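Participant: Once you've had a glance at the structure underneath, I'll fire off some questions.
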Amino acid sequence: VQLQASGGGLVQTGGSLRVSCAASGRTFSSYHMGWFRRAPGKEREFVAGITRSGGSTYYADSAKGRFTISGDNAKNTVYLQMNSLKPEDTAVYYCAAKSTFLYGRAVWSPGNMDYWGKGTLVTVSS
């Protein structure tokens with residue numbers, strides 16, 4: 001599967017932004033999908049994830065209550081709606097796909113994902 005993230009940009013503190021990840025190749029619904037980010041000088045970290053059934057969503061503590069992950073199987077696209085943005089949310093955001101979690105246990109670590117797209121830069125100005 002090929003992944004392409006888009007929708008990044010410059011937004012003010014407190015603003016909102018939605019980034020998208022379009023999947024091509026094998027059908028999007030075959031994968032668990034996640035959003036990760038890498039802030040300047042930091043390691044890549046998990047932000048949000050959604051199971052391929054769409055039945056379960058997962059969020060990093062930093063994202064809970066502000067970010068929402070969703071998927072549109074008809075468009076082969078996963079979204080990350082980000083509200084109440086803060087300067088510390090400034091990062092390159094990446095989408096990633098996982099075919100199957102071992103033992104059915106969702107582990108959303110960067111090293112555990114199978115496919116990655118190129119990132120999209122989100123900058124939150126103070």
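Each chain of the structure tokens is named A, B, ... in the order shown, its residues numbered from 1; ligands are numbered from 1 in display order.
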Got a sec: who's within 12 Å of Arg44 (chain A), counting only C-alpha atoms, leaving out chain neighbours fewer than 3 positions off, as JSON, numbers by chain?

Facilitator: {"A": [35, 36, 37, 38, 39, 40, 41, 47, 91, 92, 93, 94, 95, 96, 108, 109, 110, 111, 119]}

Participant: Output the selection as a tab-separated table (two decimals), in the first residue's frame - N, CA and C atoms for each residue.

Facilitator:
chain	number	residue	atom	x	y	z
A	35	TRP	N	-1.60	7.71	12.89
A	35	TRP	CA	-0.91	8.99	12.68
A	35	TRP	C	0.20	9.10	13.72
A	36	PHE	N	1.34	9.53	13.23
A	36	PHE	CA	2.50	9.77	14.07
A	36	PHE	C	3.04	11.16	13.76
A	37	ARG	N	3.91	11.65	14.61
A	37	ARG	CA	4.50	12.95	14.33
A	37	ARG	C	5.94	12.98	14.86
A	38	ARG	N	6.71	13.85	14.23
A	38	ARG	CA	8.08	14.08	14.68
A	38	ARG	C	8.27	15.57	14.80
A	39	ALA	N	8.42	16.01	16.03
A	39	ALA	CA	8.68	17.42	16.29
A	39	ALA	C	10.18	17.68	16.16
A	40	PRO	N	10.56	18.92	15.92
A	40	PRO	CA	11.99	19.24	15.78
A	40	PRO	C	12.79	18.77	16.99
A	41	GLY	N	13.83	18.01	16.74
A	41	GLY	CA	14.70	17.56	17.81
A	41	GLY	C	14.17	16.41	18.64
A	47	VAL	N	0.39	9.40	17.64
A	47	VAL	CA	-0.62	10.41	17.91
A	47	VAL	C	-2.00	9.78	18.02
A	91	ALA	N	4.95	19.85	14.11
A	91	ALA	CA	5.68	18.63	13.78
A	91	ALA	C	5.39	18.26	12.34
A	92	VAL	N	6.16	17.32	11.85
A	92	VAL	CA	5.81	16.65	10.60
A	92	VAL	C	4.92	15.47	10.98
A	93	TYR	N	3.76	15.41	10.37
A	93	TYR	CA	2.79	14.35	10.67
A	93	TYR	C	2.85	13.30	9.57
A	94	TYR	N	2.93	12.05	10.01
A	94	TYR	CA	3.02	10.92	9.11
A	94	TYR	C	1.85	9.97	9.34
A	95	CYS	N	1.39	9.37	8.26
A	95	CYS	CA	0.44	8.28	8.43
A	95	CYS	C	1.18	6.96	8.18
A	96	ALA	N	0.68	5.93	8.80
A	96	ALA	CA	1.31	4.62	8.70
A	96	ALA	C	0.24	3.54	8.75
A	108	TRP	N	0.87	0.53	18.99
A	108	TRP	CA	1.06	1.66	18.09
A	108	TRP	C	2.42	2.31	18.32
A	109	SER	N	3.48	1.58	18.03
A	109	SER	CA	4.81	2.17	18.09
A	109	SER	C	5.34	2.32	16.68
A	110	PRO	N	6.18	3.34	16.44
A	110	PRO	CA	6.68	3.55	15.08
A	110	PRO	C	7.36	2.30	14.51
A	111	GLY	N	8.10	1.59	15.33
A	111	GLY	CA	8.81	0.41	14.85
A	111	GLY	C	7.91	-0.76	14.51
A	119	GLY	N	5.58	12.66	5.13
A	119	GLY	CA	4.85	13.48	6.07
A	119	GLY	C	4.35	14.79	5.51

Participant: Looking only at the backbone, which of the residues in chain A does DSSP tag as helix (DSSP H, G or I), as an NGL selection string?

Facilitator: :A and (28-30 or 73-75 or 87-89 or 102-104 or 110-112)

Participant: Can you list, as an MDAnalysis selection string, every protein, DNA or RNA residue that comes within 8 Å of His32 (chain A) when you count only C-alpha atoms, leaving out same-chain residues fewer than 2 positions away?

Facilitator: chainID A and resid 29:30 34 49:52 97:100

Participant: For the contact check between region 17-51 of chain A and region 68-85 of chain A, emit one row per residue of region 17-51 of chain A within 7 Å, containing the shortest atom pair and the distance in Å rounded to one decimal, counting only C-alpha atoms, chain then rising number order, as JSON lines.

Facilitator:
{"residue": "A:Leu17", "atom": "CA", "partner": "A:Met82", "partner_atom": "CA", "distance": 5.3}
{"residue": "A:Arg18", "atom": "CA", "partner": "A:Gln81", "partner_atom": "CA", "distance": 4.4}
{"residue": "A:Val19", "atom": "CA", "partner": "A:Leu80", "partner_atom": "CA", "distance": 5.3}
{"residue": "A:Ser20", "atom": "CA", "partner": "A:Tyr79", "partner_atom": "CA", "distance": 4.5}
{"residue": "A:Cys21", "atom": "CA", "partner": "A:Val78", "partner_atom": "CA", "distance": 5.2}
{"residue": "A:Ala22", "atom": "CA", "partner": "A:Thr77", "partner_atom": "CA", "distance": 4.4}
{"residue": "A:Ala23", "atom": "CA", "partner": "A:Asn76", "partner_atom": "CA", "distance": 5.5}
{"residue": "A:Phe28", "atom": "CA", "partner": "A:Asn76", "partner_atom": "CA", "distance": 5.2}
{"residue": "A:Ser29", "atom": "CA", "partner": "A:Asn73", "partner_atom": "CA", "distance": 6.2}
{"residue": "A:Ala48", "atom": "CA", "partner": "A:Ile69", "partner_atom": "CA", "distance": 6.4}
{"residue": "A:Gly49", "atom": "CA", "partner": "A:Ile69", "partner_atom": "CA", "distance": 6.8}
{"residue": "A:Ile50", "atom": "CA", "partner": "A:Ile69", "partner_atom": "CA", "distance": 6.8}

Participant: Could the residues in this selection be written to a file with N, CA, C and O atoms, as an mmCIF file, in the first residue's frame?

Facilitator:
data_model
loop_
_atom_site.group_PDB
_atom_site.id
_atom_site.type_symbol
_atom_site.label_atom_id
_atom_site.label_comp_id
_atom_site.auth_asym_id
_atom_site.auth_seq_id
_atom_site.Cartn_x
_atom_site.Cartn_y
_atom_site.Cartn_z
ATOM 1 N N LEU A 17 -7.103 22.171 12.208
ATOM 2 C CA LEU A 17 -6.559 21.732 10.927
ATOM 3 C C LEU A 17 -6.909 20.270 10.757
ATOM 4 O O LEU A 17 -6.946 19.514 11.732
ATOM 5 N N ARG A 18 -7.180 19.865 9.539
ATOM 6 C CA ARG A 18 -7.416 18.449 9.252
ATOM 7 C C ARG A 18 -6.390 17.973 8.251
ATOM 8 O O ARG A 18 -6.267 18.543 7.167
ATOM 9 N N VAL A 19 -5.652 16.954 8.619
ATOM 10 C CA VAL A 19 -4.728 16.333 7.694
ATOM 11 C C VAL A 19 -5.334 15.034 7.186
ATOM 12 O O VAL A 19 -6.132 14.396 7.881
ATOM 13 N N SER A 20 -4.965 14.684 5.977
ATOM 14 C CA SER A 20 -5.534 13.516 5.307
ATOM 15 C C SER A 20 -4.424 12.571 4.880
ATOM 16 O O SER A 20 -3.293 12.996 4.630
ATOM 17 N N CYS A 21 -4.766 11.311 4.777
ATOM 18 C CA CYS A 21 -3.829 10.314 4.284
ATOM 19 C C CYS A 21 -4.569 9.441 3.279
ATOM 20 O O CYS A 21 -5.476 8.684 3.654
ATOM 21 N N ALA A 22 -4.183 9.557 2.027
ATOM 22 C CA ALA A 22 -4.803 8.764 0.965
ATOM 23 C C ALA A 22 -3.984 7.496 0.739
ATOM 24 O O ALA A 22 -2.759 7.555 0.634
ATOM 25 N N ALA A 23 -4.673 6.379 0.668
ATOM 26 C CA ALA A 23 -4.008 5.095 0.453
ATOM 27 C C ALA A 23 -4.315 4.578 -0.943
ATOM 28 O O ALA A 23 -5.431 4.725 -1.445
ATOM 29 N N PHE A 28 -7.627 0.078 1.553
ATOM 30 C CA PHE A 28 -7.395 0.771 2.801
ATOM 31 C C PHE A 28 -7.977 0.002 3.980
ATOM 32 O O PHE A 28 -7.394 -0.058 5.059
ATOM 33 N N SER A 29 -9.117 -0.621 3.769
ATOM 34 C CA SER A 29 -9.801 -1.303 4.870
ATOM 35 C C SER A 29 -9.078 -2.566 5.325
ATOM 36 O O SER A 29 -9.490 -3.207 6.283
ATOM 37 N N ALA A 48 -2.406 9.026 17.000
ATOM 38 C CA ALA A 48 -3.739 8.434 16.997
ATOM 39 C C ALA A 48 -3.762 7.223 16.072
ATOM 40 O O ALA A 48 -2.997 7.167 15.116
ATOM 41 N N GLY A 49 -4.645 6.282 16.364
ATOM 42 C CA GLY A 49 -4.764 5.097 15.535
ATOM 43 C C GLY A 49 -6.198 4.634 15.438
ATOM 44 O O GLY A 49 -7.018 4.923 16.323
ATOM 45 N N ILE A 50 -6.498 3.925 14.353
ATOM 46 C CA ILE A 50 -7.839 3.393 14.158
ATOM 47 C C ILE A 50 -7.712 1.995 13.576
ATOM 48 O O ILE A 50 -6.894 1.751 12.692
#

Participant: Would you compute the distance between CA of Gly25 (chain A) and CA of Leu3 (chain A)? Give it in Å to one decimal.

Facilitator: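 Value for the CA of Gly25 (chain A)-CA of Leu3 (chain A) distance: 9.0 Å.
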
Participant: As a PyMOL selection string, list the residues of region 8-122 of chain A assigned to strand (DSSP E or B) by DSSP on the backbone atoms of this structure.

Facilitator: chain A and resi 9-12+17-24+32-38+45-50+57-59+67-72+77-82+91-98+115-116+118+120-122

Participant: Could you pull the residues within 8 Å of Thr123 (chain A), counting only C-alpha atoms, minus those fewer than 6 positions along the same chain, as a list in words?

Facilitator: Gly8, Gly9, Leu10, Val11, Pro87, Asp89, Thr90 and Ala91 of chain A

Participant: Let me make sure I understand: among A:Asn112, A:Thr57, A:Ser62, A:Ser125, which one has the smallest atom-to-atom distance to Gln12 (chain A) if we use only C-alpha atoms?

Facilitator: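 Result for the nearest residue to Gln12 (chain A): A:Ser125.
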
Participant: Please measure the separation of CA of Asp61 (chain A) and CA of Val107 (chain A), giving the value in Å to one decimal.

Facilitator: 15.0 Å

Participant: Just how far from CA of Thr13 (chain A) is CA of Met33 (chain A), in Å to one decimal?

Facilitator: 26.9 Å
